[in-house]
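Raw contents of entry_8.cif, mmCIF, C-alpha atoms:
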data_target
loop_
_atom_site.label_atom_id
_atom_site.label_comp_id
_atom_site.auth_asym_id
_atom_site.auth_seq_id
_atom_site.Cartn_x
_atom_site.Cartn_y
_atom_site.Cartn_z
CA MET A 1 23.17 -25.41 -3.82
CA ASN A 2 19.82 -26.30 -5.33
CA ALA A 3 18.88 -28.58 -2.41
CA LEU A 4 19.80 -25.77 -0.04
CA LEU A 5 17.43 -23.43 -1.87
CA VAL A 6 14.64 -25.99 -1.72
CA ILE A 7 15.15 -26.36 2.03
CA PHE A 8 15.13 -22.56 2.39
CA ASP A 9 11.89 -22.31 0.41
CA LEU A 10 10.28 -25.06 2.47
CA LEU A 11 11.32 -23.40 5.73
CA LEU A 12 10.05 -20.06 4.42
CA THR A 13 6.68 -21.51 3.46
CA LEU A 14 6.23 -23.36 6.74
CA THR A 15 7.23 -20.31 8.79
CA LEU A 16 4.84 -18.17 6.76
CA LEU A 17 1.93 -20.56 7.30
CA GLY A 18 2.74 -20.86 10.99
CA LEU A 19 2.93 -17.09 11.35
CA ALA A 20 -0.41 -16.72 9.55
CA VAL A 21 -2.09 -19.13 11.97
CA VAL A 22 -0.53 -17.49 15.04
CA THR A 23 -1.47 -14.02 13.76
CA LEU A 24 -5.07 -14.96 13.13
CA THR A 25 -5.51 -16.77 16.44
CA SER A 26 -3.78 -14.29 18.73
CA ARG A 27 -6.24 -12.50 20.97
CA GLU A 28 -4.26 -9.38 21.75
CA PRO A 29 -4.42 -6.82 18.90
CA ARG A 30 -0.92 -5.48 19.50
CA ARG A 31 0.61 -8.95 19.39
CA ALA A 32 -1.35 -9.77 16.23
CA VAL A 33 -0.10 -6.61 14.51
CA ILE A 34 3.53 -7.30 15.38
CA LEU A 35 3.17 -10.86 14.08
CA PHE A 36 1.50 -9.45 10.95
CA ILE A 37 4.54 -7.22 10.34
CA ALA A 38 6.83 -10.25 10.64
CA PHE A 39 4.51 -12.08 8.26
CA GLY A 40 4.71 -9.21 5.76
CA LEU A 41 8.50 -9.15 5.84
CA LEU A 42 8.69 -12.90 5.22
CA LEU A 43 6.12 -12.54 2.43
CA ALA A 44 8.39 -9.94 0.84
CA LEU A 45 11.15 -12.58 0.89
CA VAL A 46 8.77 -15.00 -0.82
CA TRP A 47 8.04 -12.47 -3.58
CA ALA A 48 11.77 -11.95 -4.00
CA ARG A 49 12.25 -15.74 -4.30
CA LEU A 50 9.49 -15.80 -6.94
CA ARG A 51 11.54 -13.20 -8.86
CA ALA A 52 8.98 -10.44 -8.42
CA PRO A 53 11.15 -7.66 -6.97
CA ASP A 54 8.45 -5.02 -7.60
CA LEU A 55 6.01 -6.86 -5.41
CA ALA A 56 8.69 -7.58 -2.82
CA LEU A 57 9.44 -3.85 -2.55
CA ALA A 58 5.77 -2.92 -2.31
CA GLU A 59 5.07 -5.65 0.24
CA ALA A 60 7.99 -4.66 2.46
CA ALA A 61 7.28 -0.92 2.25
CA ILE A 62 3.48 -0.81 2.22
CA GLY A 63 2.30 -4.23 3.42
CA ALA A 64 4.68 -4.64 6.34
CA GLY A 65 5.94 -1.12 7.05
CA LEU A 66 3.14 1.38 6.62
CA SER A 67 0.17 -0.93 7.19
CA GLY A 68 1.96 -2.19 10.27
CA ALA A 69 2.46 1.35 11.56
CA LEU A 70 -1.18 2.21 10.84
CA MET A 71 -2.46 -0.92 12.56
CA LEU A 72 -0.17 -0.40 15.56
CA ALA A 73 -1.64 3.08 15.93
CA ALA A 74 -5.14 1.65 15.61
CA ALA A 75 -4.38 -1.05 18.20
CA ARG A 76 -3.02 1.61 20.57
CA ARG A 77 -6.20 3.64 20.20
CA ALA A 78 -8.44 0.60 20.57
CA SER A 79 -6.72 -0.57 23.74
CA GLY A 80 -6.78 2.98 25.11
CA ARG A 81 -10.51 3.10 24.49
CA THR A 82 -11.28 -0.19 26.20
CA THR A 83 -9.03 0.19 29.24
CA SER A 84 -9.45 3.87 30.04
CA PRO A 85 -13.00 3.68 31.48
CA ALA A 86 -12.17 0.82 33.84
CA ASP A 87 -8.58 -0.27 34.42
CA SER A 88 -9.79 -3.24 36.42
CA GLY A 89 -10.57 -5.17 33.22
CA ASP A 90 -6.85 -5.43 32.47
CA ALA A 91 -6.64 -9.14 33.20
CA GLU A 92 -8.92 -9.95 30.28
CA ASP A 93 -6.43 -8.56 27.78
CA ALA A 94 -3.57 -10.73 28.97
CA PRO A 95 -2.85 -13.56 26.54
CA MET B 1 -34.90 -24.43 14.11
CA ILE B 2 -33.45 -23.70 10.69
CA ARG B 3 -32.70 -20.11 9.90
CA PRO B 4 -32.74 -19.86 6.09
CA LEU B 5 -30.03 -17.22 5.79
CA GLU B 6 -27.40 -18.76 8.05
CA HIS B 7 -28.03 -22.45 7.45
CA ILE B 8 -28.86 -22.57 3.76
CA LEU B 9 -28.13 -19.39 1.85
CA ILE B 10 -24.62 -18.63 3.14
CA PRO B 11 -23.26 -22.22 2.90
CA VAL B 12 -24.70 -22.66 -0.60
CA GLY B 13 -23.25 -19.32 -1.64
CA LEU B 14 -19.82 -20.23 -0.24
CA ILE B 15 -19.90 -23.61 -1.97
CA ALA B 16 -20.84 -21.90 -5.24
CA VAL B 17 -17.99 -19.38 -4.93
CA GLY B 18 -15.56 -22.18 -4.05
CA GLY B 19 -16.72 -24.22 -7.02
CA LEU B 20 -16.32 -21.22 -9.32
CA LEU B 21 -12.79 -20.56 -8.07
CA GLY B 22 -11.85 -24.23 -8.45
CA TRP B 23 -13.36 -24.34 -11.95
CA SER B 24 -11.50 -21.22 -13.10
CA PHE B 25 -8.24 -22.57 -11.64
CA PHE B 26 -8.83 -25.84 -13.48
CA LEU B 27 -9.48 -23.95 -16.73
CA ALA B 28 -6.42 -21.78 -16.26
CA VAL B 29 -4.17 -24.80 -15.71
CA THR B 30 -5.56 -27.13 -18.37
CA GLY B 31 -6.64 -24.56 -20.96
CA GLU B 32 -5.02 -24.76 -24.34
CA ALA B 33 -2.03 -22.53 -24.86
CA GLY B 34 -3.54 -19.75 -26.88
CA GLU B 35 -2.31 -16.16 -26.97
CA ARG B 36 -2.00 -15.24 -23.30
CA LEU B 37 -2.42 -11.67 -22.11
CA ALA B 38 1.05 -11.68 -20.55
CA ALA B 39 2.71 -12.46 -23.87
CA VAL B 40 0.74 -9.71 -25.64
CA ALA B 41 1.64 -7.20 -22.94
CA LEU B 42 5.33 -8.15 -22.95
CA ALA B 43 5.45 -7.77 -26.72
CA HIS B 44 4.14 -4.20 -26.47
CA VAL B 45 6.39 -3.01 -23.62
CA PRO B 46 8.70 -1.09 -26.03
CA ASP B 47 5.70 0.99 -27.20
CA SER B 48 4.69 1.98 -23.68
CA GLY B 49 7.33 4.66 -23.08
CA VAL B 50 9.00 2.78 -20.21
CA SER B 51 11.09 -0.39 -20.34
CA ASN B 52 10.03 -1.88 -17.00
CA PRO B 53 7.16 -4.28 -17.78
CA VAL B 54 5.47 -3.75 -14.39
CA THR B 55 5.41 0.03 -14.76
CA SER B 56 4.21 -0.23 -18.35
CA VAL B 57 1.24 -2.33 -17.23
CA LEU B 58 0.45 -0.18 -14.18
CA LEU B 59 0.78 3.21 -15.82
CA ASN B 60 -0.03 2.53 -19.46
CA PHE B 61 -1.92 -0.66 -20.37
CA ARG B 62 -4.04 -0.72 -17.22
CA ALA B 63 -3.69 2.91 -16.18
CA TYR B 64 -7.30 3.23 -15.09
CA ASP B 65 -6.69 0.52 -12.46
CA THR B 66 -3.95 2.65 -10.95
CA LEU B 67 -6.19 5.72 -11.15
CA LEU B 68 -8.86 3.86 -9.20
CA GLU B 69 -6.27 2.70 -6.64
CA LEU B 70 -5.32 6.31 -6.04
CA ALA B 71 -9.01 7.16 -5.65
CA VAL B 72 -9.34 4.34 -3.09
CA LEU B 73 -6.45 5.78 -1.08
CA LEU B 74 -8.07 9.21 -1.20
CA ALA B 75 -11.41 7.77 -0.09
CA ALA B 76 -9.67 5.94 2.78
CA LEU B 77 -8.12 9.20 3.97
CA LEU B 78 -11.48 10.96 3.77
CA GLY B 79 -12.92 8.16 5.89
CA ILE B 80 -10.17 8.61 8.47
CA TRP B 81 -10.71 12.37 8.51
CA SER B 82 -14.42 11.89 9.06
CA LEU B 83 -13.60 10.18 12.38
CA GLY B 84 -12.64 13.50 13.93
CA THR B 85 -9.50 15.46 14.67
CA ALA B 86 -6.14 13.80 15.20
CA GLY B 87 -4.96 12.85 18.67
CA SER B 88 -2.44 14.81 20.64
CA GLY B 89 0.48 12.96 19.05
CA PHE B 90 3.70 11.74 20.63
CA GLN B 91 6.06 13.47 23.02
CA PRO B 92 9.01 15.28 21.47
CA ALA B 93 11.86 12.85 20.92
CA ALA B 94 15.02 12.70 22.99
CA SER B 95 18.22 13.86 21.32
CA VAL B 96 19.33 10.44 20.03
CA LEU B 97 16.05 9.69 18.23
CA ASP B 98 15.84 13.28 17.06
CA GLY B 99 19.30 13.05 15.54
CA MET B 100 18.44 9.78 13.82
CA VAL B 101 15.23 11.22 12.41
CA ALA B 102 17.07 14.32 11.21
CA GLY B 103 19.43 12.05 9.29
CA PHE B 104 16.90 9.55 8.01
CA VAL B 105 14.16 11.85 6.73
CA PRO B 106 16.29 13.54 4.03
CA LEU B 107 17.65 10.11 3.10
CA LEU B 108 14.11 8.76 2.72
CA ILE B 109 13.07 11.72 0.55
CA LEU B 110 16.15 11.19 -1.62
CA SER B 111 15.40 7.45 -1.91
CA ALA B 112 11.81 8.26 -2.87
CA GLY B 113 13.05 10.45 -5.73
CA TYR B 114 15.39 7.68 -6.86
CA MET B 115 12.63 5.07 -6.59
CA LEU B 116 10.33 7.24 -8.71
CA TRP B 117 12.92 7.75 -11.45
CA VAL B 118 14.23 4.18 -11.51
CA GLY B 119 10.66 2.85 -11.92
CA ALA B 120 10.92 3.49 -15.66
CA TYR B 121 13.39 0.66 -16.23
CA ALA B 122 13.78 -1.33 -12.98
CA PRO B 123 11.67 -2.31 -9.95
CA GLY B 124 10.28 0.81 -8.37
CA GLY B 125 7.57 3.32 -9.13
CA ALA B 126 5.04 5.68 -7.65
CA PHE B 127 3.63 3.45 -4.91
CA GLN B 128 7.01 2.41 -3.54
CA ALA B 129 8.30 5.99 -3.71
CA GLY B 130 5.12 7.25 -2.05
CA ALA B 131 5.50 4.64 0.68
CA LEU B 132 9.01 5.93 1.40
CA LEU B 133 7.69 9.50 1.65
CA GLY B 134 4.91 8.25 3.92
CA ALA B 135 7.49 6.45 6.07
CA ALA B 136 9.39 9.75 6.44
CA GLY B 137 6.15 11.33 7.67
CA VAL B 138 5.54 8.46 10.11
CA MET B 139 9.07 8.89 11.50
CA LEU B 140 8.48 12.61 12.00
CA ALA B 141 5.18 11.86 13.74
CA LEU B 142 6.85 9.29 16.01
CA ALA B 143 9.56 11.80 16.91
CA GLY B 144 6.92 14.22 18.17
CA HIS B 145 6.32 16.50 15.20
CA ARG B 146 2.63 16.94 15.66
CA ASN B 147 1.78 17.39 11.99
CA ALA B 148 4.25 14.80 10.63
CA GLY B 149 5.94 17.41 8.44
CA LEU B 150 2.76 17.97 6.45
CA PRO B 151 1.59 21.42 5.38
CA SER B 152 -1.47 23.18 6.78
CA GLU B 153 -4.87 21.69 6.05
CA GLY B 154 -5.70 23.81 3.00
CA ARG B 155 -2.48 22.88 1.22
CA LEU B 156 -2.68 19.31 2.46
CA ARG B 157 -6.07 18.90 0.80
CA LEU B 158 -4.58 20.07 -2.51
CA LEU B 159 -1.59 17.76 -2.11
CA VAL B 160 -3.72 14.74 -1.28
CA ALA B 161 -5.99 15.25 -4.28
CA LEU B 162 -3.13 16.08 -6.65
CA GLY B 163 -2.50 12.52 -7.82
CA VAL B 164 -6.07 11.72 -8.78
CA PHE B 165 -6.50 15.21 -10.27
CA VAL B 166 -3.43 15.09 -12.52
CA PHE B 167 -4.17 11.48 -13.52
CA ALA B 168 -7.81 12.16 -14.38
CA MET B 169 -7.07 15.46 -16.10
CA THR B 170 -4.39 13.84 -18.27
CA GLY B 171 -6.86 11.14 -19.20
CA LEU B 172 -9.63 13.60 -20.01
CA LEU B 173 -7.28 15.82 -22.00
CA LEU B 174 -6.16 12.83 -24.04
CA MET B 175 -9.80 11.91 -24.56
CA VAL B 176 -10.47 15.37 -26.04
CA VAL B 177 -7.34 15.89 -28.14
CA GLY B 178 -5.96 12.36 -28.47
CA ASP B 179 -7.03 8.78 -29.06
CA GLY B 180 -9.03 8.17 -25.92
CA PHE B 181 -9.03 8.05 -22.12
CA LEU B 182 -5.42 7.53 -20.96
CA THR B 183 -4.25 6.35 -24.39
CA TYR B 184 -0.90 8.07 -24.56
CA PRO B 185 0.49 9.22 -27.90
CA ARG B 186 3.75 7.43 -28.79
CA GLY B 187 6.38 10.12 -28.26
CA LEU B 188 4.82 11.68 -25.18
CA ALA B 189 4.16 8.49 -23.21
CA LYS B 190 7.35 8.60 -21.13
CA TRP B 191 6.83 12.20 -20.05
CA LEU B 192 3.14 11.81 -19.35
CA ILE B 193 3.88 8.74 -17.22
CA LEU B 194 6.60 10.64 -15.36
CA ILE B 195 4.30 13.61 -14.67
CA ILE B 196 1.50 11.33 -13.43
CA GLU B 197 3.88 9.28 -11.30
CA THR B 198 5.41 12.37 -9.72
CA ALA B 199 1.99 13.74 -8.76
CA ALA B 200 0.91 10.30 -7.56
CA THR B 201 4.06 9.90 -5.43
CA LEU B 202 3.49 13.22 -3.66
CA SER B 203 -0.17 12.36 -3.10
CA ILE B 204 0.51 8.85 -1.83
CA GLY B 205 3.21 10.04 0.54
CA ALA B 206 1.01 12.81 1.95
CA THR B 207 -2.01 10.48 2.17
CA LEU B 208 -0.14 7.76 4.05
CA ALA B 209 1.47 10.19 6.48
CA ALA B 210 -1.87 11.93 7.06
CA ALA B 211 -3.54 8.54 7.56
CA TYR B 212 -1.00 7.72 10.27
CA LEU B 213 -2.00 10.85 12.20
CA GLY B 214 -5.41 9.23 12.47
CA GLY B 215 -7.73 12.19 12.02
CA ARG B 216 -8.17 15.62 10.55
CA PRO B 217 -5.20 17.90 11.17
CA ALA B 218 -5.63 20.10 14.22
CA ALA B 219 -6.90 23.62 13.61
CA HIS B 220 -3.61 25.36 14.41
CA PRO B 221 -0.99 22.78 13.57
CA LYS B 222 1.97 25.15 13.59
CA SER B 223 1.46 26.26 17.17
CA GLY B 224 1.04 22.65 18.22
CA GLU B 225 4.47 21.51 17.14
CA ALA B 226 6.84 20.39 19.87
CA THR B 227 4.54 21.27 22.74
#
Do you think you could lay out the structure here as structure tokens?
Amino acid sequence: MNALLVIFDLLLTLTLLGLAVVTLTSREPRRAVILFIAFGLLLALVWARLRAPDLALAEAAIGAGLSGALMLAAARRASGRTTSPADSGDAEDAP
Amino acid sequence: MIRPLEHILIPVGLIAVGGLLGWSFFLAVTGEAGERLAAVALAHVPDSGVSNPVTSVLLNFRAYDTLLELAVLLAALLGIWSLGTAGSGFQPAASVLDGMVAGFVPLLILSAGYMLWVGAYAPGGAFQAGALLGAAGVMLALAGHRNAGLPSEGRLRLLVALGVFVFAMTGLLLMVVGDGFLTYPRGLAKWLILIIETAATLSIGATLAAAYLGGRPAAHPKSGEAT
């Protein structure tokens, strides 16, 4: 049981680090925000594993949920602003 | 060519900050086991009016931190409002999404009330409850309610400022008649915390939902609904 938990923690940590790198290096804002939401949900799991349920709740609700929604809206606006004058520049946004 | 700011000042500053962080981590790990703040705080939890240690720190021992956090949220919303009026919003939802929203929004409001009350003795509290209220607003906005279920601008301004107002007024009142800024008297602590948390929850929920709209509410929000 204990070894299983250690493996789970290791996997969680590695996934979290990997997600952080992918989030920071992704060039498309929308993709980065969606990865950030996934990162926040996994971080909530980490807080729960560290026996900090208050922080886990706050992270899941505010860090992943509401910040994610706010940033998705911001990404939508930003992409609307850059593509609306000239739709020909669409190829630049592709990952 | 060496630019002094980019090649000398910033690297040296970063190294200094890194060294400071490393030094404080070293001190924190190797320091002798004196009376730590956590132990002192845990010992005084029964005096704080609530039995959840996190809430007792957030709303009693370090209440001014929470007051400043609320002020930060308010300032963020003012910044968003200064960007201009909100966009046209989403299309009205189809019947399936509308039905789901109609079921979920009351559930979210109920959960927010529970989260607020349970914060006294278990994980929960004003910020989590406010986030649930804000999520209800975001759902309404996504389903095409143009004003995300928020009241008209005049009332919204009152609602958004309510948390900071009640918090600061309680603190000032205690400064005049009590022991000092936000130093609750023993018997009243639970009720003062509950009053502040309730006001803060409403404010946080309204602030987050209004932030999602992304601008000042439109001039005639009621006529704009479901267009």
7 Å contacts from chain B to chain A using all atoms listed in the file, as a short mmCIF file (atom, residue, chain, number, x, y, z; two decimals) with C-alpha atoms, in the coordinates of the input:
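Final output, saved to iface.cif:
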data_model
loop_
_atom_site.label_atom_id
_atom_site.label_comp_id
_atom_site.auth_asym_id
_atom_site.auth_seq_id
_atom_site.Cartn_x
_atom_site.Cartn_y
_atom_site.Cartn_z
CA PRO B 123 11.67 -2.31 -9.95
CA GLY B 124 10.28 0.81 -8.37
CA GLN B 128 7.01 2.41 -3.54
CA ALA B 131 5.50 4.64 0.68
CA ALA B 135 7.49 6.45 6.07
CA TYR B 212 -1.00 7.72 10.27
#
Quiz prompt | Nearest to Gly154 of chain B by atom-to-atom distance, counting all atoms listed in the file, from B:Gly137, B:Pro217, B:Pro185, B:Pro106 | solution = B:Pro217
Exercise. List the residues matched by the PyMOL selection byres ((chain B and resi 98) around 12) in the displayed structure as a list in words, ordered by chain and then by residue number.
Key: Gln91, Pro92, Ala93, Ala94, Ser95, Val96, Leu97, Gly99, Met100, Val101, Ala102, Gly103, Phe104, Val105, Met139, Leu140, Ala141, Leu142, Ala143, Gly144, His145 and Ala226 of chain B
Practice problem: Let me know the residues the PyMOL selection byres ((chain A and resi 9) around 12) catches in the file above, as a list of chain:residue names. | Solution: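 Taken on the displayed file, the PyMOL selection byres ((chain A and resi 9) around 12) yields the residues A:Asn2, A:Ala3, A:Leu4, A:Leu5, A:Val6, A:Ile7, A:Phe8, A:Leu10, A:Leu11, A:Leu12, A:Thr13, A:Leu14, A:Thr15, A:Leu16, A:Leu42, A:Leu43, A:Leu45, A:Val46, A:Trp47, A:Ala48, A:Arg49, A:Leu50.
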Practice problem: Please identify all polymer residues within 7 Å of Leu19 of chain A, counting only C-alpha atoms, omitting same-chain residues fewer than 4 positions from it, and present them as a list in words. | Solution: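 My list of contacting residues is Thr15, Thr23, Leu35 and Phe39 of chain A.
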Exercise. Rank A:Ala38, A:Arg51, A:Ala75, A:Gly80 by their smallest atom-to-atom distance to Val22 of chain A, using all atoms listed in the file, and report the top residue only.
Key: A:Ala38
Exercise. Can you pull out every residue within 12 Å of Thr198 of chain B, counting only C-alpha atoms, but drop anything in the same chain fewer than 4 positions away, and send it as a ChimeraX atom specification?
Key: /B:59,112-117,119,125-130,133,159,162-164,166-167,191-194,202-205
Practice problem: Give me the result of the PyMOL selection byres ((chain B and resi 82-84) around 12) on this file, residue by residue, as a PyMOL selection string. | Solution: chain B and resi 75-81+85-87+211+213-219
